Amino acid sequence: MTDTREQRAQSQLIKDKFPQNARFLFFEAVALVSRTELGGDDQLNMNQILEKMLHSILFLGNIHPAKYNPQDIFEKSYNYTVELFPGPFNRYRTHVPLQTPFSYFLELVLKCYGQNNEGTVKDKLFKTLKNYKELGGKKNPLISAVICICENGVSRYYGASLSCGSDTARKIMTAVSCVHVWHLKVSSAVMSVFPDGTGEPRSIKLPDTVKCSAYAVADMRKLKPPCKRCNQLYSLPDHTHHPNPPGNCAETEAISNFFKAEKHGNSRQTLFRHNHQEEMQRMSNCFDMNMKKSMDKRSVQNRDKYSINKVYNP
Ligand SMILES: [Zn+2]
């Protein structure tokens, strides 16, 4: 049973493209995987990414102000999807995803086309989004507007901006990423200004050989200058004067992937002189507070309990 408040939220958000975008992105991913024959462990790995992507969609739908159920999202393809991937449907009300659906989509594209084939990767993303634009709609929940490519010699590392469906969900996913996903150097930089945007930025510097370029997914020829926040946190030059919310930008994920792959020492001791435990607790509190914000609007029987430490990672 939905209460009147929920019905109100639902009607206000009637034009939200969340379910439509979720279906679109997921079935693009399914098509991509079924077209690619990698075999063996790689194939298994791709199916796992698909499962995680689906779980991320169901979770974000569940915590969305309009509370989209799996049936709302998948409509006629609901039964078919549950049959193919039962796991995510059993866990989306108890477990938290590690990444956004679009980040998983990007991961699949990289697995299929090879991450150092920058041209092909950009082309595939552009074509996907072109299909999407034909679906219409200005607001694009779940579809990242920007990707970033970190270049070091022949190697390429990618990231997408966080696209979660709402501001509250973005804060939840930023806290999760700081605790579980991003390289410690990047988490440390983001946490210095997250969630309030205040605080003294702990800035990191990339090696001189590394170049970071961000592109609007709608037009891959168009370079996007880094925002003021990315300049503060990652010392990126030629920035705009507008600071995006901490952790939001595609640069964050791309730089984190660069540090992870190139095995830049984590040196916890030096990085977390300022008390690692305390910062983790702060992330956990931020997660709980924003989750409460999502759940408090609902009738008691429609609330779910999540913990930042109970993540979906099959
Ligand atoms: Zn930025």
# chains A, B, ... in the order shown; residues from 1 in each chain; ligands from 1
>>> select_by_dssp(residues="range 7-118 of chain A", states="helix (DSSP H, G or I)", output="PyMOL selection string")
chain A and resi 7-12+18-35+40-63+70-84+86-91+101-113+118
>>> closest_atom_pairs(of="chain A", to="ligand 1", cutoff="8 Å", atoms="only C-alpha atoms and all ligand atoms", output="tab-separated table")
residue	atom	partner	partner_atom_place_in_ligand_line	distance
A:Pro226	CA	ligand 1	1 (Zn)	5.2
A:Cys227	CA	ligand 1	1 (Zn)	4.1
A:Lys228	CA	ligand 1	1 (Zn)	6.4
A:Arg229	CA	ligand 1	1 (Zn)	5.2
A:Cys230	CA	ligand 1	1 (Zn)	4.1
A:Asn231	CA	ligand 1	1 (Zn)	7.3
A:Pro243	CA	ligand 1	1 (Zn)	6.5
A:Asn244	CA	ligand 1	1 (Zn)	5.4
A:Pro245	CA	ligand 1	1 (Zn)	7.7
A:Pro246	CA	ligand 1	1 (Zn)	7.5
A:Gly247	CA	ligand 1	1 (Zn)	7.7
A:Asn248	CA	ligand 1	1 (Zn)	6.9
A:Cys249	CA	ligand 1	1 (Zn)	4.5
A:Ala250	CA	ligand 1	1 (Zn)	7.2
A:Glu251	CA	ligand 1	1 (Zn)	6.5
A:Thr252	CA	ligand 1	1 (Zn)	7.7
>>> closest_atom_pairs(of="range 55-85 of chain A", to="range 24-28 of chain A", cutoff="10 Å", atoms="only C-alpha atoms", output="JSON lines")
{"residue": "A:Ile57", "atom": "CA", "partner": "A:Phe26", "partner_atom": "CA", "distance": 8.4}
{"residue": "A:Phe74", "atom": "CA", "partner": "A:Phe26", "partner_atom": "CA", "distance": 9.9}
{"residue": "A:Thr81", "atom": "CA", "partner": "A:Phe27", "partner_atom": "CA", "distance": 9.9}
>>> write_last_selection(atoms="N, CA and C atoms", output="CSV table (one decimal), in the first residue's frame")
chain,number,residue,atom,x,y,z
A,57,ILE,N,20.7,-0.5,-10.5
A,57,ILE,CA,19.5,0.1,-11.0
A,57,ILE,C,18.3,-0.1,-10.0
A,74,PHE,N,10.9,-2.4,-15.1
A,74,PHE,CA,11.0,-3.3,-16.3
A,74,PHE,C,9.7,-3.6,-17.0
A,81,THR,N,13.5,-10.6,-17.1
A,81,THR,CA,14.7,-10.2,-16.4
A,81,THR,C,14.9,-10.9,-15.1
>>> atom_distance(atom1="CA of Leu125 in chain A", atom2="CA of Val217 in chain A")
6.9 Å
>>> atom_distance(atom1="CA of Leu60 in chain A", atom2="CA of Cys164 in chain A")
6.6 Å
>>> closest_atom_pairs(of="range 117-173 of chain A", to="range 189-194 of chain A", cutoff="12 Å", atoms="only C-alpha atoms", output="Markdown table")
| residue | atom | partner | partner_atom | distance |
| --- | --- | --- | --- | --- |
| A:Arg170 | CA | A:Phe194 | CA | 11.6 |
| A:Lys171 | CA | A:Phe194 | CA | 8.8 |
| A:Ile172 | CA | A:Phe194 | CA | 11.3 |
| A:Met173 | CA | A:Phe194 | CA | 12.0 |
>>> write_last_selection(atoms="all heavy atoms", output="mmCIF file, in the first residue's frame")
data_model
loop_
_atom_site.group_PDB
_atom_site.id
_atom_site.type_symbol
_atom_site.label_atom_id
_atom_site.label_comp_id
_atom_site.auth_asym_id
_atom_site.auth_seq_id
_atom_site.Cartn_x
_atom_site.Cartn_y
_atom_site.Cartn_z
ATOM 1 N N ARG A 170 23.078 10.591 -4.836
ATOM 2 C CA ARG A 170 24.470 10.917 -5.187
ATOM 3 C C ARG A 170 25.340 10.977 -3.932
ATOM 4 O O ARG A 170 26.459 10.472 -3.915
ATOM 5 C CB ARG A 170 24.541 12.255 -5.943
ATOM 6 C CG ARG A 170 25.970 12.666 -6.298
ATOM 7 C CD ARG A 170 26.046 13.977 -7.061
ATOM 8 N NE ARG A 170 25.265 15.046 -6.456
ATOM 9 C CZ ARG A 170 25.598 15.686 -5.336
ATOM 10 N NH1 ARG A 170 26.705 15.383 -4.712
ATOM 11 N NH2 ARG A 170 24.813 16.622 -4.842
ATOM 12 N N LYS A 171 24.798 11.565 -2.869
ATOM 13 C CA LYS A 171 25.574 11.633 -1.616
ATOM 14 C C LYS A 171 25.805 10.227 -1.061
ATOM 15 O O LYS A 171 26.880 9.921 -0.558
ATOM 16 C CB LYS A 171 24.863 12.518 -0.595
ATOM 17 C CG LYS A 171 24.981 13.987 -0.949
ATOM 18 C CD LYS A 171 24.275 14.863 0.073
ATOM 19 C CE LYS A 171 24.193 16.296 -0.453
ATOM 20 N NZ LYS A 171 23.062 17.018 0.137
ATOM 21 N N ILE A 172 24.788 9.399 -1.137
ATOM 22 C CA ILE A 172 24.918 8.020 -0.658
ATOM 23 C C ILE A 172 26.013 7.296 -1.442
ATOM 24 O O ILE A 172 26.901 6.657 -0.866
ATOM 25 C CB ILE A 172 23.551 7.282 -0.776
ATOM 26 C CG1 ILE A 172 22.589 7.807 0.300
ATOM 27 C CG2 ILE A 172 23.719 5.767 -0.683
ATOM 28 C CD1 ILE A 172 21.150 7.352 0.154
ATOM 29 N N MET A 173 25.992 7.435 -2.760
ATOM 30 C CA MET A 173 26.980 6.733 -3.588
ATOM 31 C C MET A 173 28.385 7.335 -3.448
ATOM 32 O O MET A 173 29.383 6.624 -3.594
ATOM 33 C CB MET A 173 26.541 6.705 -5.061
ATOM 34 C CG MET A 173 25.330 5.823 -5.342
ATOM 35 S SD MET A 173 25.465 4.145 -4.681
ATOM 36 C CE MET A 173 26.749 3.454 -5.722
#
>>> closest_residue(among="A:Pro97, A:Asp123, A:Leu58, A:Asp41", to="Phe85 in chain A", atoms="only C-alpha atoms")
A:Leu58
>>> atom_distance(atom1="CA of Lys305 in chain A", atom2="CA of Tyr92 in chain A")
10.8 Å
>>> residues_around(residues="Asn47 in chain A", least_positions_apart="3", cutoff="12 Å", atoms="only C-alpha atoms", output="list of chain:residue names")
A:Ala29, A:Val30, A:Ala31, A:Leu32, A:Val33, A:Ser34, A:Thr36, A:Glu37, A:Leu38, A:Gly39, A:Gly40, A:Asp41, A:Asp42, A:Gln43, A:Leu44, A:Leu50, A:Glu51, A:Lys52, A:Met53, A:Leu54, A:Leu84, A:Phe85, A:Gly87, A:Tyr104, A:Phe105, A:Glu107, A:Leu108, A:Lys111, A:Pro314
>>> select_by_dssp(residues="range 45-279 of chain A", states="strand (DSSP E)", output="PyMOL selection string")
chain A and resi 146-152+155-160+210-216+219-224
>>> residues_around(residues="Met283 in chain A", least_positions_apart="6", cutoff="8 Å", atoms="only C-alpha atoms", output="VMD selection string")
chain A and resid 175 to 176 178 to 179
>>> closest_residue(among="A:Ser77, A:Ser213, A:Asn62, A:Thr94", to="Tyr312 in chain A", atoms="only C-alpha atoms")
A:Thr94
>>> closest_residue(among="A:Val121, A:Ala169, A:Val82, A:Met280", to="Leu184 in chain A", atoms="only C-alpha atoms")
A:Met280
